[in-house]
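*Asks:* Take this structure, written in structure tokens, and hold onto it; I'll ask about it next.
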Number of protein chains: 2
Amino acid sequence: MIEVVDIEEKLAQFSAPWQPKIVGQVNDTLVKLVRFQGDFVWHHHEREDELFFVVRGRFTMKLRDGDVVIEAGQFITIPHGVEHCPCAAEECCVMLLEPATTLNTGNVRNERTLERLERL
Amino acid sequence: MIEVVDIEEKLAQFSAPWQPKIVGQVNDTLVKLVRFQGDFVWHHHEREDELFFVVRGRFTMKLRDGDVVIEAGQFITIPHGVEHCPCAAEECCVMLLEPATTLNTGNVRNERTLERLERL
């Protein structure tokens with residue numbers, strides 16, 4: 001059964017920020033949707049690169065050597081090992097591409113760590 | 001060097017249909033942009049799943065058991081082994097996610113086969 005996935009229809013199903021939901025898969029890569037609002041936590045991923053595609057709004061990716069702003073219709077790939085901290089002054093909707101093994105808080109475990117993600 | 005990739009800015013750099021360009025990478029997955037217009041060829045990929053995200057316009061994915069229409073803001077994943085043929089009555093801009101090893105015409109080789117893709 002081949003499903004057509006509608007991004008806005010999936011986004012309408014949740015509102016809490018920083019809680020990625022799985023909405024698709026291609027080979028070993030999961031497609032996740034997440035709402036950013038406020039500041040996340042500094043972290044990195046040991047082995048996995050992470051792609052952030054902005055569906056709606058904008059966010060700032062804080063990096064140790066400077067900030068980068070990503071607008072709707074743009075994406076950025078953060079290579080493994082690179083410390084980063086996403087921040088959004090206003091709500092921003094993002095499509096994430098990363099392996100199934102990627103933990104949202106990377107090398108950090110705190111109250112924002114999600115061990116299992118919901119699949120919409 | 002971490003680059004912010006702007007989809008529309010990349011799309012403005014080419015106009016020919018059915019000629020995917022590489023615009024990014026995340027782990028082993030390439031991010032490609034392609035313009036669809038008219039009918040492509042029936043094919044399948046032996047080992048690789050392929051994700052089609054519509055950036056602008058709409059297209060029909062012909063499948064052996066029926067057609068599926070994918071609109072802007074929607075995506076579809078075609079599992080490996082599944083025969084498919086993308087068709088677009090009017091121009092449609094698509095973001096493709098697939099492994100670096102994926103050939104555009106899959107198991108078919110003809111005048112539309114592209115052995116090497118340009119990287120924008």
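Residues in the structure tokens are numbered from 1 in each chain, the chains being A, B, ... in the order shown, and ligands are numbered from 1 in the order shown.
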Excluding Glu111 in chain B and residues on its chain fewer than 5 positions from it, collect all residues at most 12 Å away from it, counting only C-alpha atoms, and give them as a ChimeraX atom specification.
*Replies:* /B:18-19,40-41,104-105
*Asks:* Just to be explicit: take each residue in the selection above, keep all heavy atoms, and write the result as a CSV table (one decimal), in the first residue's frame.
*Replies:*
chain,number,residue,atom,x,y,z
B,18,TRP,N,13.2,16.1,-16.6
B,18,TRP,CA,13.8,14.7,-16.5
B,18,TRP,C,15.3,14.7,-16.3
B,18,TRP,O,15.9,13.7,-16.6
B,18,TRP,CB,13.3,13.8,-17.6
B,18,TRP,CG,11.8,13.9,-17.9
B,18,TRP,CD1,11.2,14.3,-19.0
B,18,TRP,CD2,10.8,13.5,-17.0
B,18,TRP,NE1,9.8,14.2,-18.8
B,18,TRP,CE2,9.6,13.7,-17.6
B,18,TRP,CE3,10.8,13.0,-15.6
B,18,TRP,CZ2,8.3,13.4,-17.0
B,18,TRP,CZ3,9.5,12.7,-15.1
B,18,TRP,CH2,8.3,12.9,-15.7
B,19,GLN,N,15.9,15.8,-15.8
B,19,GLN,CA,17.3,15.8,-15.6
B,19,GLN,C,17.6,16.2,-14.2
B,19,GLN,O,17.9,17.4,-13.9
B,19,GLN,CB,18.0,16.7,-16.6
B,19,GLN,CG,17.6,16.4,-18.1
B,19,GLN,CD,18.6,16.8,-19.1
B,19,GLN,OE1,19.6,17.5,-18.7
B,19,GLN,NE2,18.4,16.5,-20.3
B,40,PHE,N,7.5,10.1,-18.4
B,40,PHE,CA,8.8,9.5,-18.3
B,40,PHE,C,8.7,8.0,-18.8
B,40,PHE,O,7.9,7.8,-19.7
B,40,PHE,CB,9.3,9.5,-16.8
B,40,PHE,CG,10.8,9.4,-16.7
B,40,PHE,CD1,11.7,10.2,-17.4
B,40,PHE,CD2,11.3,8.4,-15.8
B,40,PHE,CE1,13.0,10.0,-17.3
B,40,PHE,CE2,12.7,8.3,-15.7
B,40,PHE,CZ,13.5,9.1,-16.4
B,41,VAL,N,9.5,7.1,-18.3
B,41,VAL,CA,9.4,5.7,-18.8
B,41,VAL,C,9.1,4.8,-17.6
B,41,VAL,O,9.5,5.1,-16.5
B,41,VAL,CB,10.8,5.3,-19.4
B,41,VAL,CG1,11.0,6.0,-20.7
B,41,VAL,CG2,12.0,5.6,-18.4
B,104,ASN,N,18.5,7.1,-12.7
B,104,ASN,CA,17.2,7.7,-12.9
B,104,ASN,C,16.2,6.8,-13.6
B,104,ASN,O,15.0,6.8,-13.3
B,104,ASN,CB,17.3,9.1,-13.7
B,104,ASN,CG,17.8,8.9,-15.1
B,104,ASN,OD1,18.7,8.1,-15.4
B,104,ASN,ND2,17.3,9.8,-16.0
B,105,THR,N,16.7,6.0,-14.6
B,105,THR,CA,15.8,5.1,-15.3
B,105,THR,C,15.8,3.7,-14.8
B,105,THR,O,15.2,2.7,-15.4
B,105,THR,CB,16.1,5.1,-16.8
B,105,THR,OG1,17.5,4.8,-16.9
B,105,THR,CG2,15.8,6.4,-17.5
*Asks:* At a cut-off of 10 Å, list the chain A residues touching chain B, using only C-alpha atoms, as a JSON list (two decimals) with C-alpha atoms, in the first residue's frame.
*Replies:*
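In the end it all went to selection_12.json:
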[["chain", "number", "residue", "atom", "x", "y", "z"],
["A", 1, "MET", "CA", 0.00, 0.00, 0.00],
["A", 2, "ILE", "CA", 1.63, 3.20, -1.23],
["A", 3, "GLU", "CA", 0.53, 6.24, 0.78],
["A", 4, "VAL", "CA", 0.55, 9.86, -0.32],
["A", 5, "VAL", "CA", 1.74, 11.84, 2.71],
["A", 6, "ASP", "CA", 0.43, 15.39, 3.07],
["A", 7, "ILE", "CA", 2.75, 17.50, 5.21],
["A", 8, "GLU", "CA", 0.14, 19.98, 6.40],
["A", 9, "GLU", "CA", -2.35, 17.21, 7.18],
["A", 24, "GLY", "CA", 7.68, 8.36, 6.23],
["A", 25, "GLN", "CA", 10.75, 6.33, 5.37],
["A", 26, "VAL", "CA", 13.01, 5.94, 2.36],
["A", 27, "ASN", "CA", 15.60, 3.16, 2.66],
["A", 28, "ASP", "CA", 17.26, 3.63, 6.09],
["A", 29, "THR", "CA", 16.25, 7.29, 6.33],
["A", 31, "VAL", "CA", 11.19, 11.41, 7.42],
["A", 47, "ARG", "CA", 27.64, 9.09, 13.54],
["A", 48, "GLU", "CA", 24.56, 10.52, 11.84],
["A", 49, "ASP", "CA", 24.16, 13.55, 9.60],
["A", 50, "GLU", "CA", 20.86, 15.36, 9.96],
["A", 51, "LEU", "CA", 18.96, 17.36, 7.33],
["A", 52, "PHE", "CA", 16.55, 20.16, 8.32],
["A", 53, "PHE", "CA", 14.10, 21.37, 5.64],
["A", 55, "VAL", "CA", 8.30, 23.78, 5.62],
["A", 63, "LEU", "CA", 26.71, 26.61, 15.60],
["A", 68, "VAL", "CA", 22.72, 30.39, 10.38],
["A", 69, "VAL", "CA", 19.11, 31.34, 9.58],
["A", 70, "ILE", "CA", 17.06, 28.83, 7.56],
["A", 71, "GLU", "CA", 13.86, 30.07, 5.90],
["A", 72, "ALA", "CA", 10.87, 28.24, 4.39],
["A", 73, "GLY", "CA", 11.93, 26.40, 1.23],
["A", 74, "GLN", "CA", 15.53, 26.05, 2.41],
["A", 75, "PHE", "CA", 17.43, 23.20, 4.00],
["A", 76, "ILE", "CA", 20.68, 22.65, 5.86],
["A", 77, "THR", "CA", 22.62, 19.47, 6.58],
["A", 78, "ILE", "CA", 24.47, 19.22, 9.89],
["A", 79, "PRO", "CA", 27.30, 16.69, 9.56],
["A", 80, "HIS", "CA", 27.84, 14.18, 12.34],
["A", 97, "LEU", "CA", 15.76, 13.49, 7.41],
["A", 98, "GLU", "CA", 17.92, 11.23, 9.53],
["A", 99, "PRO", "CA", 18.56, 7.54, 10.19]]
*Asks:* To one decimal in Å, tell me the separation between CA of His45 in chain B and CA of Thr113 in chain B.
*Replies:* 13.1 Å
*Asks:* Identify, with DSSP run on backbone atoms, the residues in chain B assigned to strand (DSSP E or B), and express the list as JSON, numbers by chain.
*Replies:* {"B": [4, 5, 6, 21, 22, 23, 24, 25, 26, 29, 30, 31, 32, 33, 34, 35, 36, 37, 38, 39, 43, 50, 51, 52, 53, 54, 55, 56, 58, 59, 60, 61, 62, 63, 66, 67, 68, 69, 70, 71, 74, 75, 76, 77, 78, 84, 85, 86, 87, 88, 89, 90, 91, 92, 93, 94, 95, 96, 97, 98, 99, 119]}
*Asks:* Using only C-alpha atoms, can you tell me which of B:His84, B:Arg109, B:Arg64, B:Arg58 comes closest to Gln37 in chain B?
*Replies:*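 Selected residue with least distance to Gln37 in chain B: B:Arg58.
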*Asks:* Just list as a PyMOL selection string whatever in chain A DSSP marks as alpha helix (DSSP H).
*Replies:* chain A and resi 7-11
*Asks:* When you look at Glu118 in chain B with a cut-off of 10 Å (counting only C-alpha atoms), what residues show up, excluding the ones that are within fewer than 6 positions of it in the same chain? I need them as an mmCIF file with all heavy atoms, in the first residue's frame.
*Replies:*
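Final file, selection.cif:
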data_model
loop_
_atom_site.group_PDB
_atom_site.id
_atom_site.type_symbol
_atom_site.label_atom_id
_atom_site.label_comp_id
_atom_site.auth_asym_id
_atom_site.auth_seq_id
_atom_site.Cartn_x
_atom_site.Cartn_y
_atom_site.Cartn_z
ATOM 1 N N GLN B 19 15.869 15.785 -15.819
ATOM 2 C CA GLN B 19 17.319 15.783 -15.626
ATOM 3 C C GLN B 19 17.636 16.189 -14.188
ATOM 4 O O GLN B 19 17.899 17.366 -13.916
ATOM 5 C CB GLN B 19 17.987 16.737 -16.624
ATOM 6 C CG GLN B 19 17.632 16.350 -18.059
ATOM 7 C CD GLN B 19 18.638 16.846 -19.077
ATOM 8 O OE1 GLN B 19 19.629 17.470 -18.739
ATOM 9 N NE2 GLN B 19 18.385 16.544 -20.333
ATOM 10 N N PRO B 20 17.622 15.221 -13.283
ATOM 11 C CA PRO B 20 17.834 15.535 -11.864
ATOM 12 C C PRO B 20 19.212 16.146 -11.620
ATOM 13 O O PRO B 20 20.190 15.770 -12.269
ATOM 14 C CB PRO B 20 17.751 14.160 -11.181
ATOM 15 C CG PRO B 20 17.113 13.245 -12.171
ATOM 16 C CD PRO B 20 17.439 13.785 -13.518
ATOM 17 N N LYS B 21 19.251 17.101 -10.689
ATOM 18 C CA LYS B 21 20.507 17.718 -10.268
ATOM 19 C C LYS B 21 20.683 17.439 -8.775
ATOM 20 O O LYS B 21 19.713 17.506 -8.013
ATOM 21 C CB LYS B 21 20.468 19.233 -10.468
ATOM 22 C CG LYS B 21 19.988 19.691 -11.827
ATOM 23 C CD LYS B 21 20.953 19.384 -12.921
ATOM 24 C CE LYS B 21 20.456 19.944 -14.255
ATOM 25 N NZ LYS B 21 21.253 19.465 -15.382
ATOM 26 N N ILE B 22 21.896 17.189 -8.367
ATOM 27 C CA ILE B 22 22.175 16.937 -6.953
ATOM 28 C C ILE B 22 22.352 18.277 -6.229
ATOM 29 O O ILE B 22 23.133 19.116 -6.666
ATOM 30 C CB ILE B 22 23.454 16.089 -6.803
ATOM 31 C CG1 ILE B 22 23.267 14.738 -7.502
ATOM 32 C CG2 ILE B 22 23.809 15.902 -5.324
ATOM 33 C CD1 ILE B 22 24.571 13.974 -7.690
ATOM 34 N N VAL B 23 21.603 18.462 -5.142
ATOM 35 C CA VAL B 23 21.702 19.726 -4.402
ATOM 36 C C VAL B 23 22.060 19.519 -2.935
ATOM 37 O O VAL B 23 22.227 20.495 -2.198
ATOM 38 C CB VAL B 23 20.402 20.558 -4.509
ATOM 39 C CG1 VAL B 23 20.135 20.953 -5.959
ATOM 40 C CG2 VAL B 23 19.202 19.815 -3.921
ATOM 41 N N LYS B 32 18.007 15.482 -4.593
ATOM 42 C CA LYS B 32 18.056 15.915 -5.985
ATOM 43 C C LYS B 32 16.828 16.757 -6.282
ATOM 44 O O LYS B 32 15.778 16.573 -5.674
ATOM 45 C CB LYS B 32 18.058 14.694 -6.917
ATOM 46 C CG LYS B 32 19.193 13.723 -6.656
ATOM 47 C CD LYS B 32 19.053 12.467 -7.506
ATOM 48 C CE LYS B 32 20.124 11.442 -7.155
ATOM 49 N NZ LYS B 32 19.960 10.177 -7.908
#
*Asks:* Leaving out Cys87 in chain A and any residue of its chain fewer than 4 positions from it, which residues lie within 7 Å of it when counting only C-alpha atoms, given as a PyMOL selection string?
*Replies:* chain A and resi 37-40+59-61
*Asks:* Using only N, CA, C and O atoms, please write the residues we just selected to a file, as a short mmCIF file (atom, residue, chain, number, x, y, z; two decimals), in the first residue's frame.
*Replies:*
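result05.cif was written with the following content:
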data_model
loop_
_atom_site.label_atom_id
_atom_site.label_comp_id
_atom_site.auth_asym_id
_atom_site.auth_seq_id
_atom_site.Cartn_x
_atom_site.Cartn_y
_atom_site.Cartn_z
N GLN A 37 9.94 25.72 18.59
CA GLN A 37 9.55 26.99 19.21
C GLN A 37 10.37 27.19 20.47
O GLN A 37 10.35 26.32 21.36
N GLY A 38 11.08 28.31 20.53
CA GLY A 38 12.00 28.56 21.64
C GLY A 38 13.36 27.96 21.34
O GLY A 38 13.71 27.75 20.18
N ASP A 39 14.13 27.69 22.40
CA ASP A 39 15.49 27.16 22.23
C ASP A 39 15.51 25.67 22.54
O ASP A 39 14.89 25.23 23.51
N PHE A 40 16.26 24.90 21.75
CA PHE A 40 16.45 23.48 22.06
C PHE A 40 17.71 23.36 22.92
O PHE A 40 18.01 24.27 23.70
N PHE A 59 14.00 29.34 11.30
CA PHE A 59 14.67 29.11 12.57
C PHE A 59 16.15 29.44 12.44
O PHE A 59 16.67 29.58 11.32
N THR A 60 16.78 29.59 13.59
CA THR A 60 18.21 29.84 13.62
C THR A 60 18.92 28.58 14.10
O THR A 60 18.54 28.01 15.13
N MET A 61 19.90 28.11 13.31
CA MET A 61 20.73 27.01 13.77
C MET A 61 21.97 27.64 14.39
O MET A 61 22.80 28.23 13.69
#
*Asks:* Tell me which of B:Ala100, B:Cys93, B:Val54, B:Trp42 sits closest to Leu117 in chain B, counting only C-alpha atoms.
*Replies:*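 Checking each candidate against Leu117 in chain B, we get B:Ala100 as the closest.
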*Asks:* Just the number, please: distance in Å from CA of Ala12 in chain A to CA of Asp67 in chain B, one decimal.
*Replies:*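 If I compute the distance from CA of Ala12 in chain A to CA of Asp67 in chain B, I get 26.3 Å.
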*Asks:* Kindly give the distance, in Å, that separates CA of Arg116 in chain B and CA of Val82 in chain B, rounded to a single decimal.
*Replies:*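 So the answer is 23.3 Å.
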